[in-house]
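What follows is the content of run30.pdb, which has PDB, C-alpha atoms, pLDDT in the B column:
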ATOM      1  CA  MET Z   1     139.773  19.605 132.338  1.00 49.00           C
ATOM      2  CA  ILE Z   2     137.626  19.353 129.204  1.00 46.00           C
ATOM      3  CA  LYS Z   3     140.041  19.781 126.312  1.00 41.00           C
ATOM      4  CA  GLN Z   4     137.394  19.457 123.610  1.00 45.00           C
ATOM      5  CA  LEU Z   5     135.091  22.075 125.130  1.00 49.00           C
ATOM      6  CA  ALA Z   6     136.981  24.754 123.234  1.00 39.00           C
ATOM      7  CA  LEU Z   7     135.452  23.308 120.069  1.00 33.00           C
ATOM      8  CA  ALA Z   8     131.917  23.891 121.296  1.00 36.00           C
ATOM      9  CA  VAL Z   9     131.622  27.439 120.000  1.00 33.00           C
ATOM     10  CA  THR Z  10     127.961  26.963 119.142  1.00 32.00           C
ATOM     11  CA  LEU Z  11     125.900  25.326 121.845  1.00 36.00           C
ATOM     12  CA  VAL Z  12     123.593  22.643 120.478  1.00 39.00           C
ATOM     13  CA  ILE Z  13     121.696  20.696 123.083  1.00 40.00           C
ATOM     14  CA  THR Z  14     121.160  17.039 122.245  1.00 44.00           C
ATOM     15  CA  PRO Z  15     117.820  15.691 123.474  1.00 48.00           C
ATOM     16  CA  LEU Z  16     118.243  14.299 126.979  1.00 47.00           C
ATOM     17  CA  SER Z  17     116.559  11.020 126.102  1.00 47.00           C
ATOM     18  CA  SER Z  18     119.165  10.251 123.443  1.00 49.00           C
ATOM     19  CA  LEU Z  19     122.067  11.142 125.724  1.00 56.00           C
ATOM     20  CA  ALA Z  20     120.978   9.410 128.916  1.00 64.00           C
ATOM     21  CA  ALA Z  21     121.497   5.922 127.519  1.00 59.00           C
ATOM     22  CA  ASN Z  22     125.150   6.764 126.914  1.00 86.00           C
ATOM     23  CA  PHE Z  23     125.934   7.969 130.445  1.00 95.00           C
ATOM     24  CA  ILE Z  24     127.875   5.277 132.284  1.00 95.00           C
ATOM     25  CA  GLU Z  25     128.553   5.236 136.017  1.00 96.00           C
ATOM     26  CA  GLY Z  26     132.278   5.024 136.617  1.00 96.00           C
ATOM     27  CA  THR Z  27     132.983   6.650 133.274  1.00 97.00           C
ATOM     28  CA  HIS Z  28     130.925   9.818 132.971  1.00 97.00           C
ATOM     29  CA  TYR Z  29     130.027  10.155 136.633  1.00 98.00           C
ATOM     30  CA  THR Z  30     130.797   8.634 140.027  1.00 98.00           C
ATOM     31  CA  GLN Z  31     128.460   8.097 142.950  1.00 97.00           C
ATOM     32  CA  ILE Z  32     130.162   9.736 145.915  1.00 97.00           C
ATOM     33  CA  SER Z  33     127.545   9.179 148.602  1.00 94.00           C
ATOM     34  CA  THR Z  34     125.201   6.417 149.702  1.00 92.00           C
ATOM     35  CA  LYS Z  35     122.876   8.972 151.268  1.00 92.00           C
ATOM     36  CA  ALA Z  36     119.623  10.028 149.650  1.00 93.00           C
ATOM     37  CA  PRO Z  37     120.081  12.815 147.096  1.00 95.00           C
ATOM     38  CA  SER Z  38     119.357  16.399 148.067  1.00 96.00           C
ATOM     39  CA  SER Z  39     115.679  17.205 148.530  1.00 95.00           C
ATOM     40  CA  GLU Z  40     115.786  19.577 145.554  1.00 97.00           C
ATOM     41  CA  PRO Z  41     117.778  19.106 142.324  1.00 98.00           C
ATOM     42  CA  LYS Z  42     120.987  21.124 142.427  1.00 98.00           C
ATOM     43  CA  LEU Z  43     124.393  21.565 140.862  1.00 98.00           C
ATOM     44  CA  THR Z  44     127.338  22.577 143.035  1.00 98.00           C
ATOM     45  CA  GLU Z  45     130.601  23.796 141.565  1.00 98.00           C
ATOM     46  CA  PHE Z  46     133.724  23.554 143.711  1.00 98.00           C
ATOM     47  CA  TYR Z  47     136.511  25.813 142.500  1.00 98.00           C
ATOM     48  CA  SER Z  48     139.422  28.028 143.520  1.00 98.00           C
ATOM     49  CA  PHE Z  49     140.337  31.580 142.591  1.00 97.00           C
ATOM     50  CA  TYR Z  50     143.877  30.248 142.167  1.00 96.00           C
ATOM     51  CA  CYS Z  51     142.870  27.693 139.500  1.00 96.00           C
ATOM     52  CA  HIS Z  52     143.357  28.792 135.879  1.00 93.00           C
ATOM     53  CA  ASN Z  53     140.974  26.090 134.585  1.00 95.00           C
ATOM     54  CA  CYS Z  54     138.362  27.431 137.014  1.00 97.00           C
ATOM     55  CA  PHE Z  55     138.780  30.957 135.619  1.00 96.00           C
ATOM     56  CA  ASN Z  56     138.411  29.564 132.109  1.00 95.00           C
ATOM     57  CA  MET Z  57     135.286  27.638 133.131  1.00 96.00           C
ATOM     58  CA  GLU Z  58     133.797  30.676 134.887  1.00 96.00           C
ATOM     59  CA  THR Z  59     134.301  32.947 131.900  1.00 95.00           C
ATOM     60  CA  ASN Z  60     133.778  30.764 128.851  1.00 95.00           C
ATOM     61  CA  TYR Z  61     131.499  27.884 129.797  1.00 97.00           C
ATOM     62  CA  LEU Z  62     129.589  28.355 133.040  1.00 97.00           C
ATOM     63  CA  PRO Z  63     127.172  30.966 131.638  1.00 97.00           C
ATOM     64  CA  ASP Z  64     126.014  28.470 128.964  1.00 97.00           C
ATOM     65  CA  ILE Z  65     125.853  25.633 131.469  1.00 97.00           C
ATOM     66  CA  LYS Z  66     123.646  27.611 133.864  1.00 97.00           C
ATOM     67  CA  ALA Z  67     121.463  28.945 131.050  1.00 97.00           C
ATOM     68  CA  ASN Z  68     120.689  25.445 129.765  1.00 97.00           C
ATOM     69  CA  LEU Z  69     120.085  23.618 133.024  1.00 97.00           C
ATOM     70  CA  ASN Z  70     116.605  22.340 133.700  1.00 97.00           C
ATOM     71  CA  PRO Z  71     114.794  25.241 135.453  1.00 97.00           C
ATOM     72  CA  LYS Z  72     114.219  23.010 138.485  1.00 97.00           C
ATOM     73  CA  ILE Z  73     117.955  22.743 139.153  1.00 98.00           C
ATOM     74  CA  GLY Z  74     119.474  25.175 141.646  1.00 98.00           C
ATOM     75  CA  PHE Z  75     123.094  26.283 141.371  1.00 98.00           C
ATOM     76  CA  ASP Z  76     125.681  26.970 144.058  1.00 97.00           C
ATOM     77  CA  SER Z  77     129.443  27.493 144.123  1.00 98.00           C
ATOM     78  CA  LYS Z  78     131.931  26.730 146.881  1.00 98.00           C
ATOM     79  CA  HIS Z  79     135.614  27.508 147.314  1.00 98.00           C
ATOM     80  CA  VAL Z  80     137.970  24.660 148.166  1.00 98.00           C
ATOM     81  CA  ASP Z  81     140.625  24.863 150.859  1.00 98.00           C
ATOM     82  CA  PHE Z  82     143.595  23.202 149.197  1.00 97.00           C
ATOM     83  CA  MET Z  83     146.028  25.782 150.588  1.00 95.00           C
ATOM     84  CA  ASN Z  84     145.151  25.341 154.279  1.00 93.00           C
ATOM     85  CA  SER Z  85     146.732  28.717 155.088  1.00 96.00           C
ATOM     86  CA  ASP Z  86     145.723  32.123 156.430  1.00 96.00           C
ATOM     87  CA  ILE Z  87     145.588  33.736 152.991  1.00 97.00           C
ATOM     88  CA  GLY Z  88     143.768  30.692 151.619  1.00 97.00           C
ATOM     89  CA  THR Z  89     141.087  31.159 154.258  1.00 98.00           C
ATOM     90  CA  GLU Z  90     140.823  34.878 153.489  1.00 98.00           C
ATOM     91  CA  VAL Z  91     140.299  34.113 149.815  1.00 98.00           C
ATOM     92  CA  MET Z  92     137.622  31.590 150.730  1.00 98.00           C
ATOM     93  CA  ARG Z  93     135.938  34.276 152.826  1.00 98.00           C
ATOM     94  CA  SER Z  94     135.946  36.598 149.835  1.00 98.00           C
ATOM     95  CA  LEU Z  95     133.656  34.214 147.948  1.00 98.00           C
ATOM     96  CA  ALA Z  96     131.311  34.046 150.942  1.00 98.00           C
ATOM     97  CA  VAL Z  97     131.178  37.846 150.916  1.00 98.00           C
ATOM     98  CA  ILE Z  98     130.515  37.888 147.163  1.00 98.00           C
ATOM     99  CA  GLN Z  99     127.589  35.511 147.592  1.00 97.00           C
ATOM    100  CA  SER Z 100     125.928  37.850 150.110  1.00 96.00           C
ATOM    101  CA  VAL Z 101     126.052  41.074 148.071  1.00 94.00           C
ATOM    102  CA  ASP Z 102     125.075  42.384 144.658  1.00 91.00           C
ATOM    103  CA  ASN Z 103     127.431  42.618 141.692  1.00 93.00           C
ATOM    104  CA  LYS Z 104     128.476  39.002 142.126  1.00 96.00           C
ATOM    105  CA  ASP Z 105     129.766  38.398 138.604  1.00 95.00           C
ATOM    106  CA  ALA Z 106     131.977  41.498 138.540  1.00 97.00           C
ATOM    107  CA  LEU Z 107     133.408  40.739 141.987  1.00 98.00           C
ATOM    108  CA  THR Z 108     134.113  37.116 141.064  1.00 97.00           C
ATOM    109  CA  HIS Z 109     135.885  38.165 137.880  1.00 96.00           C
ATOM    110  CA  ALA Z 110     137.871  40.787 139.798  1.00 96.00           C
ATOM    111  CA  MET Z 111     139.111  38.200 142.295  1.00 97.00           C
ATOM    112  CA  PHE Z 112     140.160  35.785 139.553  1.00 96.00           C
ATOM    113  CA  SER Z 113     141.933  38.577 137.664  1.00 94.00           C
ATOM    114  CA  ALA Z 114     143.706  39.926 140.748  1.00 95.00           C
ATOM    115  CA  ILE Z 115     145.178  36.514 141.516  1.00 94.00           C
ATOM    116  CA  GLN Z 116     145.820  35.227 137.999  1.00 91.00           C
ATOM    117  CA  GLY Z 117     145.841  38.212 135.667  1.00 90.00           C
ATOM    118  CA  VAL Z 118     143.204  38.783 133.010  1.00 83.00           C
ATOM    119  CA  GLU Z 119     144.860  36.160 130.773  1.00 65.00           C
ATOM    120  CA  GLY Z 120     143.639  33.445 133.130  1.00 57.00           C
ATOM    121  CA  GLN Z 121     140.111  33.681 131.772  1.00 59.00           C
ATOM    122  CA  ASN Z 122     141.248  31.953 128.586  1.00 58.00           C
ATOM    123  CA  GLY Z 123     143.025  29.086 130.271  1.00 56.00           C
ATOM    124  CA  HIS Z 124     146.409  30.746 130.731  1.00 55.00           C
ATOM    125  CA  ASP Z 125     148.342  29.004 133.491  1.00 58.00           C
ATOM    126  CA  HIS Z 126     149.446  31.729 135.884  1.00 52.00           C
ATOM    127  CA  SER Z 127     151.971  29.362 137.439  1.00 57.00           C
ATOM    128  CA  ALA Z 128     153.647  28.493 134.137  1.00 59.00           C
ATOM    129  CA  PRO Z 129     157.356  29.353 133.627  1.00 61.00           C
ATOM    130  CA  GLY Z 130     157.832  32.892 132.384  1.00 59.00           C
ATOM    131  CA  HIS Z 131     154.525  34.134 133.771  1.00 55.00           C
ATOM    132  CA  GLU Z 132     155.097  37.608 135.154  1.00 59.00           C
ATOM    133  CA  HIS Z 133     151.759  38.437 136.765  1.00 57.00           C
ATOM    134  CA  GLU Z 134     152.375  40.102 140.107  1.00 69.00           C
ATOM    135  CA  GLN Z 135     150.334  38.673 142.973  1.00 68.00           C
ATOM    136  CA  GLN Z 136     147.897  41.366 144.111  1.00 81.00           C
ATOM    137  CA  ILE Z 137     146.390  39.542 147.072  1.00 94.00           C
ATOM    138  CA  ASN Z 138     148.497  38.762 150.114  1.00 94.00           C
ATOM    139  CA  ASN Z 139     146.087  39.656 152.946  1.00 96.00           C
ATOM    140  CA  ARG Z 140     142.552  40.855 153.670  1.00 98.00           C
ATOM    141  CA  ASP Z 141     143.406  44.514 153.053  1.00 97.00           C
ATOM    142  CA  ASP Z 142     144.425  43.615 149.501  1.00 97.00           C
ATOM    143  CA  ILE Z 143     141.076  41.875 148.990  1.00 98.00           C
ATOM    144  CA  LYS Z 144     139.180  44.900 150.310  1.00 98.00           C
ATOM    145  CA  GLU Z 145     140.997  47.069 147.795  1.00 97.00           C
ATOM    146  CA  ILE Z 146     139.646  44.823 145.033  1.00 96.00           C
ATOM    147  CA  PHE Z 147     136.096  45.105 146.382  1.00 98.00           C
ATOM    148  CA  ALA Z 148     136.034  48.860 147.081  1.00 97.00           C
ATOM    149  CA  PRO Z 149     135.743  50.091 143.446  1.00 97.00           C
ATOM    150  CA  LEU Z 150     132.838  47.677 142.987  1.00 97.00           C
ATOM    151  CA  GLY Z 151     130.729  49.138 145.797  1.00 96.00           C
ATOM    152  CA  ILE Z 152     131.782  47.126 148.855  1.00 97.00           C
ATOM    153  CA  ASP Z 153     133.567  49.316 151.401  1.00 96.00           C
ATOM    154  CA  ALA Z 154     135.971  48.030 154.051  1.00 97.00           C
ATOM    155  CA  ALA Z 155     133.462  48.130 156.915  1.00 98.00           C
ATOM    156  CA  GLN Z 156     130.830  46.223 154.952  1.00 97.00           C
ATOM    157  CA  TYR Z 157     133.403  43.668 153.872  1.00 98.00           C
ATOM    158  CA  ASP Z 158     134.621  43.036 157.429  1.00 98.00           C
ATOM    159  CA  ASN Z 159     131.070  42.783 158.742  1.00 98.00           C
ATOM    160  CA  VAL Z 160     130.177  39.998 156.300  1.00 98.00           C
ATOM    161  CA  ALA Z 161     133.561  38.263 156.318  1.00 98.00           C
ATOM    162  CA  ASP Z 162     133.615  37.929 160.113  1.00 98.00           C
ATOM    163  CA  SER Z 163     129.964  36.980 160.530  1.00 98.00           C
ATOM    164  CA  LYS Z 164     128.727  33.752 162.044  1.00 98.00           C
ATOM    165  CA  SER Z 165     127.033  32.787 158.776  1.00 97.00           C
ATOM    166  CA  THR Z 166     130.321  33.129 156.879  1.00 98.00           C
ATOM    167  CA  ASN Z 167     132.166  30.987 159.429  1.00 98.00           C
ATOM    168  CA  GLU Z 168     129.453  28.336 159.146  1.00 98.00           C
ATOM    169  CA  LYS Z 169     129.634  28.484 155.354  1.00 98.00           C
ATOM    170  CA  LEU Z 170     133.390  27.933 155.315  1.00 98.00           C
ATOM    171  CA  ALA Z 171     133.028  25.029 157.734  1.00 98.00           C
ATOM    172  CA  LEU Z 172     130.437  23.450 155.423  1.00 98.00           C
ATOM    173  CA  TRP Z 173     132.663  23.913 152.373  1.00 98.00           C
ATOM    174  CA  ARG Z 174     135.569  22.197 154.106  1.00 98.00           C
ATOM    175  CA  THR Z 175     133.359  19.353 155.350  1.00 98.00           C
ATOM    176  CA  GLN Z 176     131.877  18.731 151.914  1.00 97.00           C
ATOM    177  CA  GLN Z 177     135.267  19.005 150.227  1.00 98.00           C
ATOM    178  CA  ASN Z 178     136.306  15.984 152.290  1.00 97.00           C
ATOM    179  CA  GLU Z 179     132.956  14.217 152.140  1.00 97.00           C
ATOM    180  CA  PHE Z 180     132.737  14.486 148.348  1.00 97.00           C
ATOM    181  CA  LYS Z 181     136.445  13.688 147.920  1.00 96.00           C
ATOM    182  CA  ILE Z 182     137.202  16.860 145.948  1.00 98.00           C
ATOM    183  CA  GLU Z 183     140.812  16.467 144.831  1.00 96.00           C
ATOM    184  CA  SER Z 184     140.885  18.724 141.766  1.00 96.00           C
ATOM    185  CA  VAL Z 185     138.946  21.707 140.488  1.00 98.00           C
ATOM    186  CA  PRO Z 186     136.735  22.724 138.866  1.00 98.00           C
ATOM    187  CA  ALA Z 187     134.499  19.934 140.152  1.00 98.00           C
ATOM    188  CA  PHE Z 188     130.758  19.526 139.645  1.00 98.00           C
ATOM    189  CA  ILE Z 189     128.643  17.706 142.227  1.00 98.00           C
ATOM    190  CA  VAL Z 190     125.010  16.898 141.429  1.00 98.00           C
ATOM    191  CA  ASN Z 191     122.395  16.490 144.164  1.00 98.00           C
ATOM    192  CA  ASP Z 192     125.145  15.981 146.782  1.00 98.00           C
ATOM    193  CA  LYS Z 193     125.466  12.455 145.417  1.00 98.00           C
ATOM    194  CA  TYR Z 194     127.173  12.336 142.018  1.00 98.00           C
ATOM    195  CA  ALA Z 195     130.482  13.748 140.803  1.00 98.00           C
ATOM    196  CA  VAL Z 196     130.833  14.563 137.120  1.00 98.00           C
ATOM    197  CA  ASN Z 197     133.977  13.023 135.604  1.00 98.00           C
ATOM    198  CA  LEU Z 198     135.041  15.985 133.492  1.00 96.00           C
ATOM    199  CA  ASN Z 199     137.890  14.111 131.818  1.00 95.00           C
ATOM    200  CA  SER Z 200     135.327  11.828 130.154  1.00 95.00           C
ATOM    201  CA  ILE Z 201     133.174  14.660 128.794  1.00 95.00           C
ATOM    202  CA  LYS Z 202     133.845  15.658 125.194  1.00 94.00           C
ATOM    203  CA  THR Z 203     131.421  18.509 124.503  1.00 95.00           C
ATOM    204  CA  LEU Z 204     129.517  21.174 126.357  1.00 96.00           C
ATOM    205  CA  ASP Z 205     126.120  19.799 125.404  1.00 94.00           C
ATOM    206  CA  GLU Z 206     127.175  16.375 126.710  1.00 96.00           C
ATOM    207  CA  LEU Z 207     128.117  17.963 130.040  1.00 97.00           C
ATOM    208  CA  ILE Z 208     124.807  19.807 130.294  1.00 97.00           C
ATOM    209  CA  GLY Z 209     122.869  16.691 129.334  1.00 96.00           C
ATOM    210  CA  LEU Z 210     124.658  14.656 131.979  1.00 97.00           C
ATOM    211  CA  ILE Z 211     123.999  17.232 134.708  1.00 98.00           C
ATOM    212  CA  ASN Z 212     120.319  17.431 133.788  1.00 97.00           C
ATOM    213  CA  TYR Z 213     120.049  13.640 133.745  1.00 97.00           C
ATOM    214  CA  LEU Z 214     121.730  13.164 137.129  1.00 97.00           C
ATOM    215  CA  ALA Z 215     119.786  15.983 138.759  1.00 97.00           C
ATOM    216  CA  ILE Z 216     116.316  15.222 137.414  1.00 96.00           C
ATOM    217  CA  GLU Z 217     116.066  11.633 136.197  1.00 94.00           C
ATOM    218  CA  LYS Z 218     118.743   9.429 137.755  1.00 93.00           C
ATOM    219  CA  ASP Z 219     116.986   8.711 141.055  1.00 90.00           C
ATOM    220  CA  VAL Z 220     113.394   8.965 139.881  1.00 80.00           C
ATOM    221  CA  ALA Z 221     111.555   5.697 140.514  1.00 61.00           C
ATOM    222  CA  PRO Z 222     110.143   4.144 137.324  1.00 60.00           C
ATOM    223  CA  ALA Z 223     106.416   4.500 136.854  1.00 52.00           C
ATOM    224  CA  LYS Z 224     104.345   1.495 137.888  1.00 51.00           C
ATOM    225  CA  THR Z 225     102.972  -0.279 134.844  1.00 46.00           C
ATOM    226  CA  SER Z 226     100.216  -1.994 136.849  1.00 44.00           C
ATOM    227  CA  SER Z 227      98.419   1.240 137.617  1.00 44.00           C
ATOM    228  CA  GLY Z 228      95.212   1.796 135.688  1.00 44.00           C
ATOM    229  CA  GLY Z 229      96.181   5.421 135.244  1.00 44.00           C
ATOM    230  CA  SER Z 230      99.580   4.654 133.735  1.00 40.00           C
ATOM    231  CA  LEU Z 231     100.376   4.571 130.053  1.00 38.00           C
ATOM    232  CA  GLY Z 232     101.111   0.853 130.330  1.00 40.00           C
ATOM    233  CA  GLY Z 233      97.725   0.244 131.937  1.00 38.00           C
ATOM    234  CA  LEU Z 234      95.920   2.196 129.235  1.00 33.00           C
ATOM    235  CA  PHE Z 235      97.728   0.174 126.593  1.00 34.00           C
ATOM    236  CA  LEU Z 236      96.583  -3.103 128.207  1.00 34.00           C
ATOM    237  CA  VAL Z 237      92.990  -1.894 128.352  1.00 36.00           C
ATOM    238  CA  PHE Z 238      93.198  -0.817 124.716  1.00 34.00           C
ATOM    239  CA  THR Z 239      94.559  -4.168 123.521  1.00 37.00           C
ATOM    240  CA  ALA Z 240      91.989  -6.056 125.606  1.00 39.00           C
ATOM    241  CA  ALA Z 241      89.190  -4.069 123.992  1.00 40.00           C
ATOM    242  CA  ILE Z 242      90.516  -4.948 120.546  1.00 36.00           C
ATOM    243  CA  ALA Z 243      90.627  -8.625 121.492  1.00 40.00           C
ATOM    244  CA  VAL Z 244      87.006  -8.558 122.681  1.00 38.00           C
ATOM    245  CA  THR Z 245      85.911  -6.823 119.485  1.00 38.00           C
ATOM    246  CA  ARG Z 246      87.687  -9.369 117.332  1.00 39.00           C
ATOM    247  CA  GLN Z 247      86.172 -12.221 119.354  1.00 42.00           C
ATOM    248  CA  ARG Z 248      82.669 -10.863 118.830  1.00 40.00           C
ATOM    249  CA  ARG Z 249      83.216 -10.542 115.108  1.00 41.00           C
ATOM    250  CA  LEU Z 250      84.386 -14.149 114.886  1.00 40.00           C
ATOM    251  CA  SER Z 251      81.477 -15.526 116.917  1.00 44.00           C
TER     252      SER Z 251
END
Go ahead and express the file in the form of structure tokens.
Amino acid sequence: MIKQLALAVTLVITPLSSLAANFIEGTHYTQISTKAPSSEPKLTEFYSFYCHNCFNMETNYLPDIKANLNPKIGFDSKHVDFMNSDIGTEVMRSLAVIQSVDNKDALTHAMFSAIQGVEGQNGHDHSAPGHEHEQQINNRDDIKEIFAPLGIDAAQYDNVADSKSTNEKLALWRTQQNEFKIESVPAFIVNDKYAVNLNSIKTLDELIGLINYLAIEKDVAPAKTSSGGSLGGLFLVFTAAIAVTRQRRLS
């Protein structure tokens, strides 16, 4: 996780051009696929409602990250299946339900809090010795009780949770978890091709700059300098004109 991010109380975005030169493959990011990048720039966060660092990221950093992404970059979140259990699958389904209804932020926060306790939003490890938070979610009925006060009744929940689209979404999440080699969370994947190495990121603005660079600029082909319409071509025409002028003056 990003230990120094706690120091970034005030978000100051460094110009992308000055940051890009410092982003090193294998250090700041890893290419995880040889396929072409996604057709549209996008950032995907993989996380778990059971992860205290994910709760901390969701509450304290993700709003600033999303607010300062290039407007062309889409955002999506996916729940990992590290537990490989019935309750783990039900919790995954809860995120799929959240993504299909209104009040997404409140429902997401409620799920994190129910599993970890409110303290989890500030990085508190709910699994640490001496932690006394009582697990509130042991089955689907417990999840529906979390959703009900926020406007999602039991029938609506079941309808979305058991839908074909939700089953397909969970299958995709599991496939991509393996394809992208997600072994810890939170994890950020850019354009289905690059994984951000969070342990190498020191500040929030560095993280945002890296995501913007990978999503928008990394795979953009350099402009052809031979084109008459390019800046390089205009420069050559300009210098040639100066040379002709000088030649005439000397003759």
Specify as number ranges by chain each residue included when the PyMOL selection byres ((chain Z and resi 89-97) around 8) is applied to this file.
Z: 49, 78-81, 84-88, 98-101, 108, 139-140, 143, 157, 160-161, 166, 169-170
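Here the question is which of Z:Thr27, Z:Ile115, Z:Thr59, Z:Ser165 gets nearest to Asp142 of chain Z using all atoms listed in the file, and that residue is Z:Ile115.
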I'd like to see the residues matched by the PyMOL selection byres ((chain Z and resi 198) around 9) on this file, and ideally I'd get them as an NGL selection string.
:Z and (1-2 or 28-29 or 186-188 or 195-197 or 199-202 or 207)
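Ranking Z:Ala36, Z:Leu62, Z:Ile73, Z:Val185 by their shortest atom-to-atom distance to Tyr213 of chain Z, with all atoms listed in the file included, puts Z:Ile73 first.
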Which residues, written as a PyMOL selection string, have at least one atom at most 8 Å from Tyr194 of chain Z, with only C-alpha atoms counted and residues fewer than 6 positions away on the same chain left out?
chain Z and resi 29-33+214
I'd like the interatomic distance between atom CA of Arg174 of chain Z and atom CA of Asp105 of chain Z, to a tenth of an Å.
23.2 Å
Between Z:Thr175, Z:Thr34, Z:Ala148, Z:Tyr61, smallest distance to Thr203 of chain Z by all atoms listed in the file belongs to Z:Tyr61
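Atom CA of Gln176 of chain Z sits 13.3 Å away from atom CA of Lys35 of chain Z.
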Picked residues, the PyMOL selection byres ((chain Z and resi 38) around 10), as a list in words:
Lys35, Ala36, Pro37, Ser39, Glu40, Pro41, Lys42, Val190, Asn191, Asp192, Lys193 and Ala215 of chain Z
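Using only C-alpha atoms, the shortest contact distance between Asn159 of chain Z and any of Z:Lys144, Z:Met83, Z:Trp173, Z:Ile211 is found at Z:Lys144.
Atom CA of Ala106 of chain Z sits 17.1 Å away from atom CA of Gln156 of chain Z.
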Identify which of the residues Z:Asp64, Z:Val118, Z:Pro71, Z:Phe147 lies closest to Asp102 of chain Z, counting all atoms listed in the file when measuring atom-to-atom distances.
Z:Phe147
Once N, CA, C and O atoms are restored for segment 64-77 of chain Z, what would the output be as a PDB file, in the frame of the given file?
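rebuild_5.pdb was written with the following content:
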ATOM      1  N   ASP Z  64     126.824  29.354 129.804  1.00 97.00           N
ATOM      2  CA  ASP Z  64     126.014  28.470 128.964  1.00 97.00           C
ATOM      3  C   ASP Z  64     125.489  27.282 129.751  1.00 97.00           C
ATOM      4  O   ASP Z  64     124.357  26.831 129.536  1.00 97.00           O
ATOM      5  N   ILE Z  65     126.301  26.761 130.646  1.00 97.00           N
ATOM      6  CA  ILE Z  65     125.853  25.633 131.469  1.00 97.00           C
ATOM      7  C   ILE Z  65     124.636  26.040 132.297  1.00 97.00           C
ATOM      8  O   ILE Z  65     123.604  25.361 132.297  1.00 97.00           O
ATOM      9  N   LYS Z  66     124.740  27.153 132.998  1.00 97.00           N
ATOM     10  CA  LYS Z  66     123.646  27.611 133.864  1.00 97.00           C
ATOM     11  C   LYS Z  66     122.403  27.958 133.057  1.00 97.00           C
ATOM     12  O   LYS Z  66     121.272  27.696 133.481  1.00 97.00           O
ATOM     13  N   ALA Z  67     122.600  28.537 131.875  1.00 97.00           N
ATOM     14  CA  ALA Z  67     121.463  28.945 131.050  1.00 97.00           C
ATOM     15  C   ALA Z  67     120.687  27.754 130.497  1.00 97.00           C
ATOM     16  O   ALA Z  67     119.498  27.880 130.171  1.00 97.00           O
ATOM     17  N   ASN Z  68     121.337  26.605 130.372  1.00 97.00           N
ATOM     18  CA  ASN Z  68     120.689  25.445 129.765  1.00 97.00           C
ATOM     19  C   ASN Z  68     120.383  24.316 130.744  1.00 97.00           C
ATOM     20  O   ASN Z  68     120.013  23.230 130.328  1.00 97.00           O
ATOM     21  N   LEU Z  69     120.523  24.593 132.043  1.00 97.00           N
ATOM     22  CA  LEU Z  69     120.085  23.618 133.024  1.00 97.00           C
ATOM     23  C   LEU Z  69     118.563  23.576 133.075  1.00 97.00           C
ATOM     24  O   LEU Z  69     117.892  24.570 132.788  1.00 97.00           O
ATOM     25  N   ASN Z  70     118.033  22.425 133.437  1.00 97.00           N
ATOM     26  CA  ASN Z  70     116.605  22.340 133.700  1.00 97.00           C
ATOM     27  C   ASN Z  70     116.239  23.406 134.739  1.00 97.00           C
ATOM     28  O   ASN Z  70     116.958  23.582 135.723  1.00 97.00           O
ATOM     29  N   PRO Z  71     115.155  24.158 134.522  1.00 97.00           N
ATOM     30  CA  PRO Z  71     114.794  25.241 135.453  1.00 97.00           C
ATOM     31  C   PRO Z  71     114.614  24.798 136.898  1.00 97.00           C
ATOM     32  O   PRO Z  71     114.684  25.625 137.811  1.00 97.00           O
ATOM     33  N   LYS Z  72     114.397  23.509 137.121  1.00 97.00           N
ATOM     34  CA  LYS Z  72     114.219  23.010 138.485  1.00 97.00           C
ATOM     35  C   LYS Z  72     115.543  22.897 139.249  1.00 97.00           C
ATOM     36  O   LYS Z  72     115.542  22.717 140.467  1.00 97.00           O
ATOM     37  N   ILE Z  73     116.658  22.982 138.537  1.00 98.00           N
ATOM     38  CA  ILE Z  73     117.955  22.743 139.153  1.00 98.00           C
ATOM     39  C   ILE Z  73     118.537  24.033 139.725  1.00 98.00           C
ATOM     40  O   ILE Z  73     118.734  25.012 139.009  1.00 98.00           O
ATOM     41  N   GLY Z  74     118.822  24.038 141.017  1.00 98.00           N
ATOM     42  CA  GLY Z  74     119.474  25.175 141.646  1.00 98.00           C
ATOM     43  C   GLY Z  74     120.978  25.103 141.423  1.00 98.00           C
ATOM     44  O   GLY Z  74     121.527  24.039 141.115  1.00 98.00           O
ATOM     45  N   PHE Z  75     121.651  26.247 141.566  1.00 98.00           N
ATOM     46  CA  PHE Z  75     123.094  26.283 141.371  1.00 98.00           C
ATOM     47  C   PHE Z  75     123.766  26.952 142.557  1.00 98.00           C
ATOM     48  O   PHE Z  75     123.270  27.944 143.097  1.00 98.00           O
ATOM     49  N   ASP Z  76     124.912  26.395 142.962  1.00 97.00           N
ATOM     50  CA  ASP Z  76     125.681  26.970 144.058  1.00 97.00           C
ATOM     51  C   ASP Z  76     127.161  26.776 143.754  1.00 97.00           C
ATOM     52  O   ASP Z  76     127.538  25.855 143.014  1.00 97.00           O
ATOM     53  N   SER Z  77     128.001  27.640 144.294  1.00 98.00           N
ATOM     54  CA  SER Z  77     129.443  27.493 144.123  1.00 98.00           C
ATOM     55  C   SER Z  77     130.118  27.556 145.485  1.00 98.00           C
ATOM     56  O   SER Z  77     129.662  28.265 146.388  1.00 98.00           O
TER      57      SER Z  77
END
